[in-house]
file model17.cif (mmCIF, C-alpha atoms)
data_final
#
loop_
_atom_site.label_atom_id
_atom_site.label_comp_id
_atom_site.auth_asym_id
_atom_site.auth_seq_id
_atom_site.Cartn_x
_atom_site.Cartn_y
_atom_site.Cartn_z
CA MET A 1 -75.55 30.25 32.71
CA THR A 2 -74.78 29.15 36.23
CA LEU A 3 -71.75 30.30 38.15
CA GLN A 4 -70.10 26.89 37.69
CA GLY A 5 -70.67 27.07 33.93
CA PHE A 6 -69.15 30.56 33.77
CA LEU A 7 -66.15 29.37 35.81
CA PHE A 8 -65.72 26.38 33.50
CA TYR A 9 -65.54 28.55 30.36
CA LEU A 10 -63.26 31.07 32.06
CA ILE A 11 -60.82 28.37 33.22
CA SER A 12 -60.98 26.64 29.81
CA ALA A 13 -60.10 29.90 28.05
CA VAL A 14 -57.13 30.44 30.39
CA ILE A 15 -55.92 26.85 29.91
CA VAL A 16 -56.14 26.94 26.11
CA ALA A 17 -54.53 30.39 25.91
CA SER A 18 -51.61 29.56 28.21
CA THR A 19 -51.01 26.20 26.50
CA GLY A 20 -51.13 27.91 23.10
CA ILE A 21 -48.57 30.49 24.25
CA ALA A 22 -46.42 27.75 25.79
CA VAL A 23 -46.12 25.62 22.65
CA THR A 24 -45.08 28.60 20.52
CA ARG A 25 -42.40 30.07 22.80
CA ARG A 26 -38.78 29.81 21.71
CA ASN A 27 -37.47 30.42 25.18
CA LEU A 28 -37.87 27.14 27.04
CA VAL A 29 -38.11 28.78 30.48
CA HIS A 30 -41.08 30.87 29.31
CA ALA A 31 -42.72 27.79 27.78
CA VAL A 32 -42.37 25.82 31.03
CA ILE A 33 -43.75 28.67 33.16
CA TYR A 34 -46.77 29.14 30.87
CA LEU A 35 -47.37 25.39 31.12
CA ILE A 36 -47.34 25.65 34.92
CA LEU A 37 -50.17 28.18 34.54
CA SER A 38 -51.98 25.73 32.28
CA PHE A 39 -51.64 22.88 34.77
CA LEU A 40 -52.82 25.08 37.66
CA GLY A 41 -55.89 25.85 35.54
CA THR A 42 -56.40 22.12 34.97
CA ALA A 43 -56.27 21.61 38.74
CA LEU A 44 -59.04 24.20 39.17
CA LEU A 45 -61.01 22.37 36.48
CA PHE A 46 -60.63 19.06 38.33
CA TYR A 47 -61.90 20.74 41.48
CA LEU A 48 -64.87 22.11 39.56
CA LEU A 49 -65.61 18.66 38.11
CA GLY A 50 -65.74 17.16 41.60
CA ALA A 51 -62.27 15.66 42.09
CA PRO A 52 -60.58 17.60 44.92
CA LEU A 53 -57.90 14.98 45.62
CA LEU A 54 -56.91 14.87 41.95
CA ALA A 55 -56.80 18.68 41.91
CA ALA A 56 -54.32 18.59 44.78
CA LEU A 57 -52.29 15.85 43.06
CA GLU A 58 -52.30 17.84 39.80
CA VAL A 59 -50.76 20.81 41.59
CA ILE A 60 -48.25 18.69 43.49
CA VAL A 61 -47.20 16.26 40.74
CA TYR A 62 -47.75 18.09 37.44
CA ALA A 63 -47.27 21.77 38.29
CA GLY A 64 -44.90 21.03 41.15
CA ALA A 65 -42.70 18.04 40.42
CA ILE A 66 -42.79 17.50 36.66
CA MET A 67 -42.53 21.13 35.60
CA VAL A 68 -39.79 21.85 38.16
CA LEU A 69 -37.89 18.88 36.73
CA PHE A 70 -38.22 20.44 33.26
CA LEU A 71 -37.10 23.79 34.68
CA PHE A 72 -34.01 22.17 36.26
CA VAL A 73 -33.01 20.54 32.97
CA VAL A 74 -33.57 23.78 31.03
CA ILE A 75 -31.53 25.78 33.55
CA MET A 76 -28.72 23.20 33.68
CA ILE A 77 -27.94 23.42 29.98
CA LYS A 78 -25.71 26.05 28.45
CA GLU A 79 -27.20 29.37 27.37
CA GLU A 80 -26.15 29.19 23.71
CA SER A 81 -27.44 25.67 23.25
CA ARG A 82 -30.99 26.78 24.08
CA LYS A 83 -31.36 28.39 20.65
CA GLU A 84 -33.72 26.36 18.57
CA VAL A 85 -33.83 26.33 14.79
CA MET A 86 -37.55 26.41 14.10
CA ALA A 87 -38.86 24.08 11.43
CA SER A 88 -39.59 25.68 8.07
CA ALA A 89 -43.15 26.45 6.99
CA GLY A 90 -43.12 23.38 4.76
CA GLN A 91 -42.59 21.23 7.84
CA TRP A 92 -44.98 23.20 10.04
CA PHE A 93 -47.87 23.09 7.62
CA PRO A 94 -48.63 19.32 7.59
CA ALA A 95 -48.57 19.18 11.38
CA ALA A 96 -50.91 22.17 11.63
CA VAL A 97 -53.25 20.62 9.06
CA ILE A 98 -53.29 17.27 10.89
CA ALA A 99 -54.05 18.96 14.21
CA GLY A 100 -56.72 21.15 12.58
CA VAL A 101 -58.44 18.16 10.98
CA TYR A 102 -58.33 16.38 14.31
CA VAL A 103 -59.97 19.30 16.13
CA LEU A 104 -62.61 19.58 13.39
CA VAL A 105 -63.46 15.87 13.52
CA THR A 106 -63.59 15.99 17.33
CA PHE A 107 -65.91 18.98 17.17
CA LEU A 108 -68.29 17.30 14.69
CA MET A 109 -68.31 13.98 16.55
CA VAL A 110 -68.87 15.59 19.93
CA MET A 111 -71.65 17.85 18.69
CA SER A 112 -73.50 15.03 16.91
CA ALA A 113 -73.26 12.51 19.77
CA PRO A 114 -76.61 11.63 21.36
CA GLY A 115 -77.22 13.14 24.76
CA ALA A 116 -74.34 15.58 24.36
CA ASP A 117 -76.42 18.58 25.38
CA ALA A 118 -77.48 17.36 28.81
CA PRO A 119 -75.59 19.38 31.40
CA LEU A 120 -73.46 17.52 33.92
CA ALA A 121 -74.70 17.33 37.48
CA MET A 122 -72.55 18.69 40.28
CA LEU A 123 -71.03 15.76 42.15
CA TRP A 124 -68.31 15.56 44.70
CA ALA A 125 -65.99 12.61 45.32
CA SER A 126 -64.45 13.28 48.71
CA PRO A 127 -60.79 12.27 49.12
CA ARG A 128 -61.91 9.62 51.64
CA ASP A 129 -64.35 7.96 49.19
CA PHE A 130 -61.82 8.18 46.39
CA ALA A 131 -59.01 6.64 48.43
CA LEU A 132 -61.28 3.87 49.73
CA TYR A 133 -62.39 3.05 46.19
CA VAL A 134 -58.86 2.98 44.82
CA PHE A 135 -57.43 0.83 47.57
CA GLN A 136 -60.40 -1.57 47.55
CA HIS A 137 -60.58 -2.11 43.79
CA HIS A 138 -57.15 -1.21 42.42
CA TRP A 139 -54.72 -2.14 45.19
CA PHE A 140 -52.76 -4.38 42.81
CA LEU A 141 -52.38 -1.57 40.25
CA ILE A 142 -51.08 0.69 43.01
CA GLU A 143 -48.35 -1.88 43.67
CA VAL A 144 -47.57 -2.08 39.94
CA VAL A 145 -47.31 1.71 39.79
CA SER A 146 -44.97 1.81 42.77
CA LEU A 147 -42.77 -0.78 41.06
CA LEU A 148 -42.87 1.30 37.85
CA LEU A 149 -41.75 4.41 39.76
CA LEU A 150 -38.95 2.45 41.44
CA ILE A 151 -37.70 1.17 38.08
CA ALA A 152 -37.91 4.68 36.62
CA LEU A 153 -35.84 5.96 39.55
CA MET A 154 -33.21 3.28 38.96
CA GLY A 155 -33.15 3.97 35.22
CA ALA A 156 -32.83 7.72 35.71
CA LEU A 157 -29.98 7.21 38.21
CA ARG A 158 -28.20 4.83 35.86
CA LEU A 159 -28.51 7.24 32.92
CA GLY A 160 -27.70 10.30 34.99
CA LYS A 161 -24.36 9.00 36.21
CA GLY A 162 -22.90 10.00 32.86
CA ARG A 163 -19.24 9.60 31.95
CA ALA A 164 -18.44 7.05 34.62
CA THR A 165 -21.08 4.65 33.36
CA GLU A 166 -20.04 4.84 29.72
CA ASN A 167 -17.01 2.63 30.36
CA ILE A 168 -19.01 0.26 32.49
CA GLY A 169 -21.61 0.04 29.76
CA GLY A 170 -18.89 -0.64 27.21
CA GLU A 171 -17.42 -3.49 29.22
CA ALA A 172 -20.74 -5.09 30.03
CA MET B 1 -75.62 22.02 36.99
CA ILE B 2 -72.56 22.84 34.93
CA VAL B 3 -71.67 22.60 31.25
CA PRO B 4 -72.55 19.71 28.89
CA PHE B 5 -70.14 16.81 28.64
CA SER B 6 -69.46 17.66 24.99
CA HIS B 7 -67.78 20.92 25.98
CA VAL B 8 -65.40 19.08 28.29
CA LEU B 9 -64.55 16.74 25.42
CA LEU B 10 -64.02 19.71 23.13
CA LEU B 11 -61.63 21.40 25.57
CA ALA B 12 -59.67 18.17 25.91
CA GLY B 13 -59.61 17.76 22.11
CA ILE B 14 -58.17 21.23 21.63
CA LEU B 15 -55.55 20.64 24.32
CA PHE B 16 -54.62 17.25 22.82
CA ALA B 17 -54.27 18.82 19.37
CA LEU B 18 -52.04 21.55 20.82
CA GLY B 19 -49.86 18.94 22.49
CA MET B 20 -49.71 16.85 19.32
CA THR B 21 -48.74 19.92 17.26
CA CYS B 22 -46.04 20.73 19.78
CA ALA B 23 -44.65 17.18 19.65
CA LEU B 24 -44.78 17.07 15.83
CA ALA B 25 -43.58 20.53 14.87
CA ARG B 26 -40.96 21.51 17.43
CA ARG B 27 -37.33 20.58 16.93
CA ASN B 28 -36.28 20.53 20.52
CA LEU B 29 -36.43 17.27 22.45
CA ILE B 30 -37.57 19.04 25.64
CA MET B 31 -40.49 20.64 23.79
CA ILE B 32 -41.42 17.26 22.29
CA VAL B 33 -41.63 15.69 25.77
CA LEU B 34 -43.58 18.77 26.94
CA GLY B 35 -46.06 18.20 24.11
CA ILE B 36 -46.58 14.61 25.24
CA GLU B 37 -47.24 15.92 28.76
CA ILE B 38 -49.91 18.28 27.41
CA ALA B 39 -51.56 15.38 25.56
CA LEU B 40 -51.55 13.20 28.71
CA ASN B 41 -53.08 16.07 30.67
CA ALA B 42 -55.84 16.38 28.07
CA ALA B 43 -56.53 12.66 28.46
CA SER B 44 -56.90 13.03 32.21
CA ILE B 45 -59.39 15.89 31.71
CA VAL B 46 -61.49 13.49 29.60
CA PHE B 47 -61.34 10.85 32.36
CA VAL B 48 -62.45 13.28 35.09
CA GLY B 49 -65.24 14.61 32.85
CA SER B 50 -66.48 11.08 32.09
CA ALA B 51 -66.37 10.19 35.78
CA LEU B 52 -68.82 13.04 36.32
CA HIS B 53 -70.92 12.16 33.28
CA TRP B 54 -71.43 8.49 34.17
CA LYS B 55 -71.38 9.18 37.93
CA SER B 56 -68.66 6.59 38.47
CA ILE B 57 -65.48 7.15 40.44
CA GLU B 58 -63.61 4.74 38.15
CA GLY B 59 -62.57 7.57 35.82
CA GLN B 60 -60.96 9.47 38.64
CA ALA B 61 -59.03 6.37 39.70
CA MET B 62 -57.68 6.11 36.15
CA VAL B 63 -56.31 9.67 36.34
CA LEU B 64 -54.18 8.58 39.29
CA PHE B 65 -52.45 6.03 37.06
CA ILE B 66 -52.10 8.53 34.19
CA LEU B 67 -50.37 10.81 36.69
CA ALA B 68 -47.95 8.03 37.70
CA VAL B 69 -47.19 7.13 34.07
CA ALA B 70 -46.61 10.81 33.22
CA ALA B 71 -44.19 11.20 36.13
CA THR B 72 -42.31 8.03 35.10
CA GLU B 73 -42.17 9.03 31.45
CA VAL B 74 -40.87 12.48 32.23
CA SER B 75 -38.17 11.36 34.65
CA VAL B 76 -36.75 8.68 32.36
CA GLY B 77 -37.28 10.84 29.27
CA LEU B 78 -35.42 13.80 30.70
CA ALA B 79 -32.59 11.54 31.92
CA VAL B 80 -32.24 10.16 28.37
CA ILE B 81 -32.35 13.70 26.93
CA VAL B 82 -29.63 14.93 29.30
CA TYR B 83 -27.54 11.86 28.43
CA ALA B 84 -27.98 12.51 24.70
CA PHE B 85 -27.13 16.18 25.25
CA ARG B 86 -23.88 15.20 26.97
CA ARG B 87 -22.95 12.94 24.08
CA SER B 88 -23.85 15.27 21.20
CA GLY B 89 -24.13 18.78 22.71
CA SER B 90 -27.50 19.45 21.14
CA PHE B 91 -31.21 19.04 21.77
CA ASP B 92 -31.99 18.85 18.07
CA PRO B 93 -32.95 15.27 17.10
CA ASN B 94 -31.29 15.88 13.73
CA ALA B 95 -27.92 16.14 15.48
CA TYR B 96 -28.04 12.55 16.72
CA ASN B 97 -26.23 10.94 13.84
CA LEU B 98 -23.50 8.94 15.55
CA LEU B 99 -24.22 5.92 13.37
CA ARG B 100 -23.93 7.79 10.10
#
call {"tool": "encode", "arguments": {"input": "model17.cif", "output": "structure tokens"}}
result
Amino acid sequence: MTLQGFLFYLISAVIVASTGIAVTRRNLVHAVIYLILSFLGTALLFYLLGAPLLAALEVIVYAGAIMVLFLFVVIMIKEESRKEVMASAGQWFPAAVIAGVYVLVTFLMVMSAPGADAPLAMLWASPRDFALYVFQHHWFLIEVVSLLLLIALMGALRLGKGRATENIGGEA
Amino acid sequence: MIVPFSHVLLLAGILFALGMTCALARRNLIMIVLGIEIALNAASIVFVGSALHWKSIEGQAMVLFILAVAATEVSVGLAVIVYAFRRSGSFDPNAYNLLR
């Protein structure tokens, strides 16, 4: 096994373990912090798979912005309201079975696919090549995404204003 | 030379299943949105892996848009959750029964 292969399995184990811990925590702060670990691992994985710019964006956007946003919301709410009544085993079981069947089917499909055993070659998409490609072929989608983010910002502001907007919403 | 493509797919499948379980089984709206984030992240791992497999940068470009959609979804989703929390005082979806 090459060094890259060893690193891949190591990072994968860390990602799966930290995500597994995160989805089972009752304390939301712990769950969010374990997920930050998971996303940092994903960034390392992107770097290993030859996407350095995406690795940086993963750290900045996912581990940085999105998870900090979650952390803010969790911290803003009252202590006693964080308690979560876990679903009973009768409700857990179908979800676990569905997820298990999904993993099993994925495993079988992936293992039986032709050419699945050929190892990936090491390639490297430099940030310059990546940016040139995106802005040459997908410049319109970039504009659409910027519009989407602007609309999301406006929607979040409108919703976040709270009490004051309830009356306005009622009149309109 | 690193691992086969199938192992990347397998990792992403496990992560997606974890996210789906989280979104299906938890009773807290924040954890449900977190589960969707995990699933989106698994999807972007598949895209980066396929970009390497087919030696095309297209897959990596797609991850950029997944990232933007994830950021949008989370900002609006959390704003809606905070709004619902202010109205009902709970994160449990079962508590949202204003129309009953």
call {"tool": "resolve_selection", "arguments": {"input": "model17.cif", "expression": "the PyMOL selection byres ((chain A and resi 29) around 12)", "output": "VMD selection string"}}
result
(chain A and resid 22 to 23 25 to 28 30 to 36 67 to 77 79 82 to 83) or (chain B and resid 30 to 31 34)
call {"tool": "residues_around", "arguments": {"input": "model17.cif", "residues": "Ala95 in chain A", "least_positions_apart": "3", "cutoff": "12 Å", "atoms": "all atoms listed in the file", "output": "PyMOL selection string"}}
result
(chain A and resi 87-92+98-102) or (chain B and resi 17-26)
call {"tool": "resolve_selection", "arguments": {"input": "model17.cif", "expression": "the PyMOL selection byres ((chain A) within 7 of (chain B))", "output": "ChimeraX atom specification"}}
result
/A:2,4-5,12,16,20,23,46,49,66,81,84,86-87,92,95-96,99,102-103,106-107,110-111,116-123,134,145,149,152,155-156,159-160,162
call {"tool": "atom_distance", "arguments": {"input": "model17.cif", "atom1": "CA of Leu3 in chain A", "atom2": "CA of Val59 in chain A"}}
result
23.3 Å
call {"tool": "atom_distance", "arguments": {"input": "model17.cif", "atom1": "CA of Ile11 in chain A", "atom2": "CA of Gly50 in chain A"}}
result
14.8 Å
call {"tool": "atom_distance", "arguments": {"input": "model17.cif", "atom1": "CA of Val105 in chain A", "atom2": "CA of Phe39 in chain A"}}
result
25.3 Å
call {"tool": "resolve_selection", "arguments": {"input": "model17.cif", "expression": "the PyMOL selection byres ((chain A and resi 55) around 9)", "output": "VMD selection string"}}
result
chain A and resid 40 42 to 47 51 to 54 56 to 60
call {"tool": "write_last_selection", "arguments": {"input": "model17.cif", "atoms": "C-alpha atoms", "output": "compact mmCIF listing (two decimals), in the coordinates of the input"}}
result
# COMPACT_ATOMS: atom_id res chain seq x y z
CA LEU A 40 -52.82 25.08 37.66
CA THR A 42 -56.40 22.12 34.97
CA ALA A 43 -56.27 21.61 38.74
CA LEU A 44 -59.04 24.20 39.17
CA LEU A 45 -61.01 22.37 36.48
CA PHE A 46 -60.63 19.06 38.33
CA TYR A 47 -61.90 20.74 41.48
CA ALA A 51 -62.27 15.66 42.09
CA PRO A 52 -60.58 17.60 44.92
CA LEU A 53 -57.90 14.98 45.62
CA LEU A 54 -56.91 14.87 41.95
CA ALA A 56 -54.32 18.59 44.78
CA LEU A 57 -52.29 15.85 43.06
CA GLU A 58 -52.30 17.84 39.80
CA VAL A 59 -50.76 20.81 41.59
CA ILE A 60 -48.25 18.69 43.49
call {"tool": "decode", "arguments": {"input": "model17.cif", "residues": "range 22-71 of chain A", "atoms": "C-alpha atoms", "output": "PDB file, in the first residue's frame"}}
result
ATOM      1  CA  ALA A  22     -21.701  13.517  15.795  1.00  0.00           C
ATOM      2  CA  VAL A  23     -25.046  12.067  14.695  1.00  0.00           C
ATOM      3  CA  THR A  24     -25.523  10.226  17.994  1.00  0.00           C
ATOM      4  CA  ARG A  25     -24.702  13.076  20.406  1.00  0.00           C
ATOM      5  CA  ARG A  26     -27.526  14.571  22.436  1.00  0.00           C
ATOM      6  CA  ASN A  27     -25.604  17.714  23.194  1.00  0.00           C
ATOM      7  CA  LEU A  28     -25.809  19.838  20.052  1.00  0.00           C
ATOM      8  CA  VAL A  29     -22.543  21.684  20.751  1.00  0.00           C
ATOM      9  CA  HIS A  30     -20.653  18.382  20.881  1.00  0.00           C
ATOM     10  CA  ALA A  31     -22.351  17.217  17.680  1.00  0.00           C
ATOM     11  CA  VAL A  32     -21.371  20.402  15.825  1.00  0.00           C
ATOM     12  CA  ILE A  33     -17.745  20.235  17.018  1.00  0.00           C
ATOM     13  CA  TYR A  34     -17.402  16.576  15.984  1.00  0.00           C
ATOM     14  CA  LEU A  35     -18.814  17.546  12.586  1.00  0.00           C
ATOM     15  CA  ILE A  36     -16.157  20.260  12.273  1.00  0.00           C
ATOM     16  CA  LEU A  37     -13.586  17.468  12.728  1.00  0.00           C
ATOM     17  CA  SER A  38     -15.365  15.475  10.037  1.00  0.00           C
ATOM     18  CA  PHE A  39     -15.329  18.380   7.580  1.00  0.00           C
ATOM     19  CA  LEU A  40     -11.639  19.080   8.262  1.00  0.00           C
ATOM     20  CA  GLY A  41     -11.006  15.428   7.408  1.00  0.00           C
ATOM     21  CA  THR A  42     -12.998  15.857   4.202  1.00  0.00           C
ATOM     22  CA  ALA A  43     -10.808  18.846   3.323  1.00  0.00           C
ATOM     23  CA  LEU A  44      -7.703  16.657   3.750  1.00  0.00           C
ATOM     24  CA  LEU A  45      -9.361  14.058   1.523  1.00  0.00           C
ATOM     25  CA  PHE A  46     -10.016  16.664  -1.188  1.00  0.00           C
ATOM     26  CA  TYR A  47      -6.358  17.671  -1.015  1.00  0.00           C
ATOM     27  CA  LEU A  48      -5.341  14.027  -1.352  1.00  0.00           C
ATOM     28  CA  LEU A  49      -7.661  13.585  -4.347  1.00  0.00           C
ATOM     29  CA  GLY A  50      -6.021  16.519  -6.122  1.00  0.00           C
ATOM     30  CA  ALA A  51      -8.337  19.457  -5.397  1.00  0.00           C
ATOM     31  CA  PRO A  52      -6.367  21.951  -3.268  1.00  0.00           C
ATOM     32  CA  LEU A  53      -8.685  24.910  -3.924  1.00  0.00           C
ATOM     33  CA  LEU A  54     -11.733  22.874  -2.927  1.00  0.00           C
ATOM     34  CA  ALA A  55      -9.890  21.732   0.207  1.00  0.00           C
ATOM     35  CA  ALA A  56      -9.359  25.367   1.167  1.00  0.00           C
ATOM     36  CA  LEU A  57     -12.999  26.201   0.376  1.00  0.00           C
ATOM     37  CA  GLU A  58     -14.166  23.207   2.432  1.00  0.00           C
ATOM     38  CA  VAL A  59     -12.297  24.529   5.460  1.00  0.00           C
ATOM     39  CA  ILE A  60     -13.464  28.103   4.925  1.00  0.00           C
ATOM     40  CA  VAL A  61     -17.110  27.489   3.975  1.00  0.00           C
ATOM     41  CA  TYR A  62     -18.089  24.187   5.593  1.00  0.00           C
ATOM     42  CA  ALA A  63     -15.910  23.962   8.709  1.00  0.00           C
ATOM     43  CA  GLY A  64     -15.656  27.716   9.074  1.00  0.00           C
ATOM     44  CA  ALA A  65     -18.853  29.457   8.047  1.00  0.00           C
ATOM     45  CA  ILE A  66     -21.603  26.824   8.093  1.00  0.00           C
ATOM     46  CA  MET A  67     -20.601  25.090  11.317  1.00  0.00           C
ATOM     47  CA  VAL A  68     -20.009  28.406  13.113  1.00  0.00           C
ATOM     48  CA  LEU A  69     -23.509  29.438  12.022  1.00  0.00           C
ATOM     49  CA  PHE A  70     -24.856  26.223  13.584  1.00  0.00           C
ATOM     50  CA  LEU A  71     -22.815  26.913  16.719  1.00  0.00           C
TER      51      LEU A  71
END
